[in-house]
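Shown below: protein01.cif, with mmCIF, C-alpha atoms.
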data_query
#
loop_
_atom_site.label_atom_id
_atom_site.label_comp_id
_atom_site.auth_asym_id
_atom_site.auth_seq_id
_atom_site.Cartn_x
_atom_site.Cartn_y
_atom_site.Cartn_z
CA MET V 1 0.00 0.00 0.00
CA THR V 2 1.24 3.47 -0.89
CA ASN V 3 1.77 5.91 1.96
CA ILE V 4 0.08 9.17 1.04
CA ASN V 5 1.30 12.45 2.47
CA LEU V 6 -1.58 14.83 1.78
CA THR V 7 0.62 17.89 2.27
CA ASP V 8 2.51 16.85 -0.90
CA LEU V 9 -0.77 16.91 -2.83
CA SER V 10 -1.16 20.69 -2.82
CA GLU V 11 -3.50 20.70 -5.84
CA LEU V 12 -5.69 17.79 -4.72
CA GLN V 13 -8.91 19.81 -4.49
CA ALA V 14 -8.50 21.41 -7.93
CA ILE V 15 -7.41 18.12 -9.53
CA ASN V 16 -10.30 16.20 -7.97
CA LYS V 17 -12.85 18.83 -9.02
CA LYS V 18 -11.61 18.80 -12.62
CA LEU V 19 -11.30 15.03 -12.98
CA VAL V 20 -14.65 14.07 -11.43
CA SER V 21 -16.38 16.55 -13.76
CA GLY V 22 -14.97 14.60 -16.74
CA TYR V 23 -12.17 17.06 -17.48
CA HIS V 24 -8.91 15.77 -18.97
CA ILE V 25 -5.81 17.35 -17.45
CA SER V 26 -3.12 17.83 -20.08
CA GLU V 27 0.19 19.66 -20.31
CA GLN V 28 -1.66 22.93 -21.04
CA ASP V 29 -2.89 22.78 -17.42
CA THR V 30 0.68 23.38 -16.26
CA THR V 31 0.27 23.48 -12.47
CA LEU V 32 -2.17 20.56 -12.22
CA TRP V 33 -0.23 18.54 -14.78
CA GLN V 34 3.07 18.98 -12.90
CA GLN V 35 1.42 18.12 -9.58
CA LEU V 36 0.00 14.88 -11.03
CA ASP V 37 3.20 14.04 -12.85
CA GLN V 38 5.37 14.48 -9.74
CA ASN V 39 3.00 12.58 -7.40
CA ILE V 40 1.31 10.08 -9.70
CA ASP V 41 1.60 7.07 -7.36
CA ALA V 42 0.00 8.94 -4.45
CA TYR V 43 -2.79 10.37 -6.63
CA GLN V 44 -3.52 6.99 -8.21
CA ALA V 45 -3.64 5.31 -4.79
CA LEU V 46 -5.93 8.01 -3.44
CA PHE V 47 -8.32 7.92 -6.41
CA THR V 48 -8.36 4.11 -6.32
CA ALA V 49 -9.31 4.24 -2.63
CA LEU V 50 -12.16 6.57 -3.62
CA GLY V 51 -13.37 4.10 -6.26
CA HIS V 52 -11.93 5.88 -9.30
CA ASP V 53 -9.41 4.78 -11.88
CA LEU V 54 -6.92 7.61 -12.52
CA ILE V 55 -5.38 6.96 -15.92
CA HIS V 56 -2.21 8.54 -17.28
CA ASP V 57 -2.20 8.34 -21.04
CA ALA V 58 1.34 8.40 -22.42
CA ARG V 59 0.21 10.84 -25.11
CA GLY V 60 0.11 13.58 -22.50
CA PHE V 61 -3.02 13.63 -20.35
CA TYR V 62 -4.74 12.33 -17.22
CA TYR V 63 -8.39 11.37 -16.79
CA LEU V 64 -10.68 9.20 -14.71
CA GLY V 65 -11.59 5.98 -16.47
CA SER V 66 -15.23 4.98 -16.65
CA ASP V 67 -17.23 1.89 -17.44
CA GLU V 68 -19.09 3.81 -20.16
CA SER V 69 -19.03 1.62 -23.24
CA THR V 70 -19.02 3.01 -26.77
CA PRO V 71 -22.59 2.02 -27.79
CA ASN V 72 -24.02 3.77 -24.73
CA MET V 73 -22.37 7.13 -25.40
CA GLY V 74 -24.38 10.14 -24.39
CA LYS V 75 -25.54 12.75 -26.86
CA ILE V 76 -22.57 15.03 -26.18
CA SER V 77 -20.04 12.20 -26.57
CA ARG V 78 -21.69 11.17 -29.85
CA ALA V 79 -21.58 14.78 -31.09
CA ILE V 80 -17.89 15.07 -30.16
CA ALA V 81 -17.07 11.72 -31.79
CA LEU V 82 -18.98 12.67 -34.95
CA THR V 83 -17.23 16.05 -35.12
CA ILE V 84 -13.78 14.48 -34.76
CA TYR V 85 -14.59 11.80 -37.34
CA ILE V 86 -15.87 14.40 -39.81
CA LEU V 87 -12.82 16.62 -39.21
CA ILE V 88 -10.49 13.68 -39.94
CA GLU V 89 -12.43 12.91 -43.12
CA HIS V 90 -12.46 16.60 -44.11
CA TYR V 91 -8.67 16.95 -43.76
CA ALA V 92 -8.04 13.63 -45.53
CA ASN V 93 -10.23 14.77 -48.45
CA GLN V 94 -8.07 17.90 -48.68
CA GLY V 95 -4.99 15.70 -49.06
CA LYS V 96 -3.64 16.61 -45.62
CA ASP V 97 -2.29 14.24 -42.99
CA PRO V 98 -5.55 14.10 -41.03
CA LEU V 99 -4.05 13.56 -37.57
CA ARG V 100 -1.51 16.33 -37.96
CA ALA V 101 -4.16 18.69 -39.36
CA LEU V 102 -6.54 17.77 -36.53
CA PHE V 103 -4.10 19.16 -33.96
CA ASP V 104 -2.36 21.85 -36.03
CA ASN V 105 -5.35 23.60 -37.57
CA ILE V 106 -7.70 26.03 -35.87
CA ALA V 107 -11.39 25.22 -36.16
CA ASP V 108 -13.03 28.55 -36.86
CA LEU V 109 -16.69 29.36 -37.42
CA GLU V 110 -16.30 29.12 -41.20
CA LEU V 111 -14.92 25.56 -40.95
CA MET V 112 -17.69 24.61 -38.51
CA GLN V 113 -20.33 25.94 -40.91
CA THR V 114 -18.75 23.97 -43.78
CA LEU V 115 -18.69 20.76 -41.73
CA VAL V 116 -22.35 21.10 -40.74
CA GLN V 117 -23.44 21.91 -44.32
CA MET V 118 -21.45 19.03 -45.85
CA ASN V 119 -22.73 16.54 -43.25
CA LYS V 120 -26.21 17.94 -42.71
CA HIS V 121 -27.90 14.53 -42.51
CA LEU V 122 -25.58 13.47 -39.67
CA PHE V 123 -25.67 16.70 -37.68
CA ASP V 124 -29.48 16.95 -38.09
CA GLN V 125 -29.75 13.75 -36.04
CA LEU V 126 -27.91 15.50 -33.20
CA GLU V 127 -30.03 18.65 -33.61
CA ILE V 128 -27.03 20.72 -34.72
CA PHE V 129 -28.08 22.87 -37.68
CA SER V 130 -25.35 25.54 -38.00
CA GLY V 131 -21.71 26.27 -37.37
CA SER V 132 -22.62 28.45 -34.40
CA GLU V 133 -24.61 25.59 -32.86
CA LEU V 134 -21.64 23.27 -33.44
CA ARG V 135 -19.45 25.84 -31.68
CA LYS V 136 -21.85 26.16 -28.74
CA ASP V 137 -22.95 22.52 -28.39
CA VAL V 138 -19.70 20.71 -29.21
CA TYR V 139 -16.60 22.90 -29.17
CA LEU V 140 -17.41 24.79 -25.95
CA ARG V 141 -18.20 21.45 -24.30
CA MET V 142 -14.86 20.12 -25.55
CA VAL V 143 -13.18 23.06 -23.81
CA ARG V 144 -15.01 22.22 -20.55
CA LEU V 145 -13.79 18.61 -20.85
CA GLY V 146 -10.18 19.56 -21.59
CA LEU V 147 -10.35 18.24 -25.17
CA ALA V 148 -9.83 21.63 -26.81
CA LYS V 149 -8.80 25.16 -25.98
CA GLU V 150 -10.30 28.34 -27.28
CA VAL V 151 -7.96 30.67 -29.13
CA GLU V 152 -8.61 34.04 -30.74
CA GLN V 153 -9.60 32.61 -34.13
CA GLY V 154 -11.49 29.52 -32.92
CA PHE V 155 -10.52 26.26 -31.25
CA VAL V 156 -7.47 24.01 -31.15
CA LEU V 157 -7.84 20.33 -30.27
CA LEU V 158 -5.69 18.90 -27.48
CA ALA V 159 -4.12 15.47 -26.86
CA PRO V 160 -7.12 14.02 -24.93
CA VAL V 161 -8.98 13.89 -28.28
CA TYR V 162 -6.99 10.68 -28.81
CA ARG V 163 -9.51 8.94 -26.53
CA TYR V 164 -12.18 9.58 -29.18
CA ILE V 165 -9.84 8.65 -32.02
CA ASP V 166 -9.08 5.36 -30.23
CA ALA V 167 -12.81 4.68 -29.82
CA LEU V 168 -13.45 5.49 -33.48
CA MET V 169 -10.62 3.16 -34.54
CA GLU V 170 -12.02 0.40 -32.31
CA VAL V 171 -15.49 0.75 -33.84
CA ASN V 172 -13.92 0.82 -37.30
CA ASP V 173 -11.86 -2.34 -36.56
CA ASN V 174 -14.93 -4.15 -35.20
CA ASN V 175 -16.95 -3.22 -38.28
CA PHE V 176 -14.09 -4.40 -40.51
CA ASP V 177 -13.91 -7.72 -38.60
CA GLU V 178 -17.66 -8.20 -39.02
CA LEU V 179 -17.37 -7.53 -42.76
CA GLU V 180 -14.57 -10.10 -43.06
CA GLU V 181 -16.71 -12.72 -41.29
CA GLU V 182 -19.56 -12.14 -43.73
CA VAL V 183 -17.34 -12.65 -46.80
#

Output the structure of this file as structure tokens.
Amino acid sequence: MTNINLTDLSELQAINKKLVSGYHISEQDTTLWQQLDQNIDAYQALFTALGHDLIHDARGFYYLGSDESTPNMGKISRAIALTIYILIEHYANQGKDPLRALFDNIADLELMQTLVQMNKHLFDQLEIFSGSELRKDVYLRMVRLGLAKEVEQGFVLLAPVYRYIDALMEVNDNNFDELEEEV
């Protein structure tokens, strides 16, 4: 059992508040990130004792794991997943490296409007009818979850988006496996 010295965990309250709300702490959250990074064993032991699974993803972020399975995603998670999938497709269709473009490009209102117009049938199902609704319903929520940060011209995606990319790849692999079985 790990001995936990609570005085070493100076950011415990802020870290706990962020993580239990579903926020992903990444390197952009400098103080909280450093605190977790320097005391990971103590934080993991403490969160485990509280019934949580504190996960450190090697791609640069921390989050609390959940038992939420992909098919049971909530409306917001589905909207985020759809947006990321459509962004990847959009950049690939432009001949860009989609993963690099996903993190390097700024999603501005014009891009959001284009995405909604080009994928109207998909966004209609989520009751998102314009770029400004995509901004309000998806991108601002991504900021609150630590998946994106707002910049002057729009939004930049952060490393925790990889959780959605992983889930999309898993769904894609499962669908591919099912297709192979049918052939």

(message) Please report the interatomic distance between atom CA of V:Val171 and atom CA of V:Tyr85 in Å with one decimal.
(response)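 Atom CA of V:Tyr85 lies 11.6 Å from atom CA of V:Val171.
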
(message) Just checking: using all atoms listed in the file, which residue out of V:Glu27, V:Leu82, V:Glu170, V:Gln44 ends up closest to V:His121?
(response) V:Leu82

(request) Expand the PyMOL selection byres ((chain V and resi 148) around 12) into the individual residues it matches in the shown file, reporting them as an MDAnalysis selection string. (result) chainID V and resid 23:26 28:29 80 84 102:107 135 138:147 149:151 154:162

(request) Would you please work out which residue, of V:Gln153, V:Ser77, V:Thr48, V:Gln125, is nearest to V:Leu111 when using only C-alpha atoms? (result)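 Of V:Gln153, V:Ser77, V:Thr48, V:Gln125, the one nearest V:Leu111 is V:Gln153, counting only C-alpha atoms.
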
Return as a PDB file with C-alpha atoms, in the coordinates of the input the set of residues that the PyMOL selection byres ((chain V and resi 65) around 6) yields on the displayed structure.
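Once written, result_0.pdb looks like this:
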ATOM      1  CA  ASP V  53      -9.410   4.780 -11.880  1.00  0.00           C
ATOM      2  CA  LEU V  64     -10.680   9.200 -14.710  1.00  0.00           C
ATOM      3  CA  SER V  66     -15.230   4.980 -16.650  1.00  0.00           C
TER       4      SER V  66
END

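One distance worth recording is that between atom CA of V:Ala58 and atom CA of V:Leu12, which is 21.2 Å.
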
(request) Please measure the separation of atom CA of V:Arg78 and atom CA of V:Thr114, giving the value in Å to one decimal. (result) 19.1 Å

(message) Which residues, named as in the file, does the PyMOL selection byres ((chain V and resi 30-38) around 9) pick out? Answer as a list in words.
(response)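 When the PyMOL selection byres ((chain V and resi 30-38) around 9) is applied to the shown file, the picked residues are Asp8, Leu9, Ser10, Glu11, Leu12, Ala14, Ile15, Ile25, Ser26, Glu27, Gln28, Asp29, Asn39, Ile40, Asp41, Ala42, Tyr43, His56, Phe61 and Tyr62 of chain V.
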
So which residues touch V:Ala81 within 12 Å, counting all atoms listed in the file, skipping near sequence neighbours fewer than 5 positions away, as a PDB file with C-alpha atoms, keeping the file's coordinate frame?
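Final output, saved to selection-v7.pdb:
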ATOM      1  CA  THR V  70     -19.020   3.010 -26.770  1.00  0.00           C
ATOM      2  CA  PRO V  71     -22.590   2.020 -27.790  1.00  0.00           C
ATOM      3  CA  MET V  73     -22.370   7.130 -25.400  1.00  0.00           C
ATOM      4  CA  GLY V  74     -24.380  10.140 -24.390  1.00  0.00           C
ATOM      5  CA  LYS V  75     -25.540  12.750 -26.860  1.00  0.00           C
ATOM      6  CA  ILE V  76     -22.570  15.030 -26.180  1.00  0.00           C
ATOM      7  CA  ILE V  86     -15.870  14.400 -39.810  1.00  0.00           C
ATOM      8  CA  LEU V  87     -12.820  16.620 -39.210  1.00  0.00           C
ATOM      9  CA  ILE V  88     -10.490  13.680 -39.940  1.00  0.00           C
ATOM     10  CA  LEU V 122     -25.580  13.470 -39.670  1.00  0.00           C
ATOM     11  CA  PHE V 123     -25.670  16.700 -37.680  1.00  0.00           C
ATOM     12  CA  LEU V 126     -27.910  15.500 -33.200  1.00  0.00           C
ATOM     13  CA  VAL V 138     -19.700  20.710 -29.210  1.00  0.00           C
ATOM     14  CA  TYR V 139     -16.600  22.900 -29.170  1.00  0.00           C
ATOM     15  CA  MET V 142     -14.860  20.120 -25.550  1.00  0.00           C
ATOM     16  CA  LEU V 147     -10.350  18.240 -25.170  1.00  0.00           C
ATOM     17  CA  VAL V 161      -8.980  13.890 -28.280  1.00  0.00           C
ATOM     18  CA  TYR V 162      -6.990  10.680 -28.810  1.00  0.00           C
ATOM     19  CA  ARG V 163      -9.510   8.940 -26.530  1.00  0.00           C
ATOM     20  CA  TYR V 164     -12.180   9.580 -29.180  1.00  0.00           C
ATOM     21  CA  ILE V 165      -9.840   8.650 -32.020  1.00  0.00           C
ATOM     22  CA  ASP V 166      -9.080   5.360 -30.230  1.00  0.00           C
ATOM     23  CA  ALA V 167     -12.810   4.680 -29.820  1.00  0.00           C
ATOM     24  CA  LEU V 168     -13.450   5.490 -33.480  1.00  0.00           C
ATOM     25  CA  MET V 169     -10.620   3.160 -34.540  1.00  0.00           C
ATOM     26  CA  VAL V 171     -15.490   0.750 -33.840  1.00  0.00           C
TER      27      VAL V 171
END
